[in-house]
Amino acid sequence: MIHMGDAMRRLFPPGSYVLLLFFLTGIWVAISPFAMTTQPSGAHWIPSTINNVVIGGILMVVSLLGILGYMAFELRDILREAREKQLKQELAEQQAAALAANQ
């Protein structure tokens, strides 16, 4: 059986933390014109604000898709391994039962 700690380590490898940092960077890039008050309050967005919001949004979407994609594929692999292990165990039990019935 797969231990919970092993499964969590496989679902959240070091690469996922890098993607999480990119996600947080995207949030900062998107809100920075408003937090740093480079965007005039109540005015139409200036080109640099539009650029920051678009680039920040792209960073957030791409990093989130990377994290979720990796987790989905790794979860699929974990489930496949568990299913194979269960089938092997059932086969071993059937063989043991057949051997006991022959004796």
# chains A, B, ... in the order shown; residues from 1 in each chain; ligands from 1
$ select_by_dssp --residues "region 14-72 of chain A" --states "helix (DSSP H, G or I)" --output "PyMOL selection string"
chain A and resi 14-35+47-72
$ residues_around --residues "Ile27 (chain A)" --least-positions-apart "5" --cutoff "9 Å" --atoms "only C-alpha atoms" --output "PyMOL selection string"
chain A and resi 22+32+53+56-57+59-60
$ write_last_selection --atoms "C-alpha atoms" --output "PDB file, in the first residue's frame"
ATOM      1  CA  PHE A  22       5.620  31.898 -10.388  1.00  0.00           C
ATOM      2  CA  SER A  32       1.576  46.024  -8.329  1.00  0.00           C
ATOM      3  CA  VAL A  53      -2.254  42.943 -15.440  1.00  0.00           C
ATOM      4  CA  GLY A  56       0.502  38.815 -14.313  1.00  0.00           C
ATOM      5  CA  GLY A  57      -2.618  36.999 -15.501  1.00  0.00           C
ATOM      6  CA  LEU A  59       1.893  34.007 -15.294  1.00  0.00           C
ATOM      7  CA  MET A  60      -0.896  32.955 -12.938  1.00  0.00           C
TER       8      MET A  60
END
$ atom_distance --atom1 "CA of Phe23 (chain A)" --atom2 "CA of Gly66 (chain A)"
10.1 Å
$ atom_distance --atom1 "CA of Gln39 (chain A)" --atom2 "CA of Ile55 (chain A)"
15.9 Å
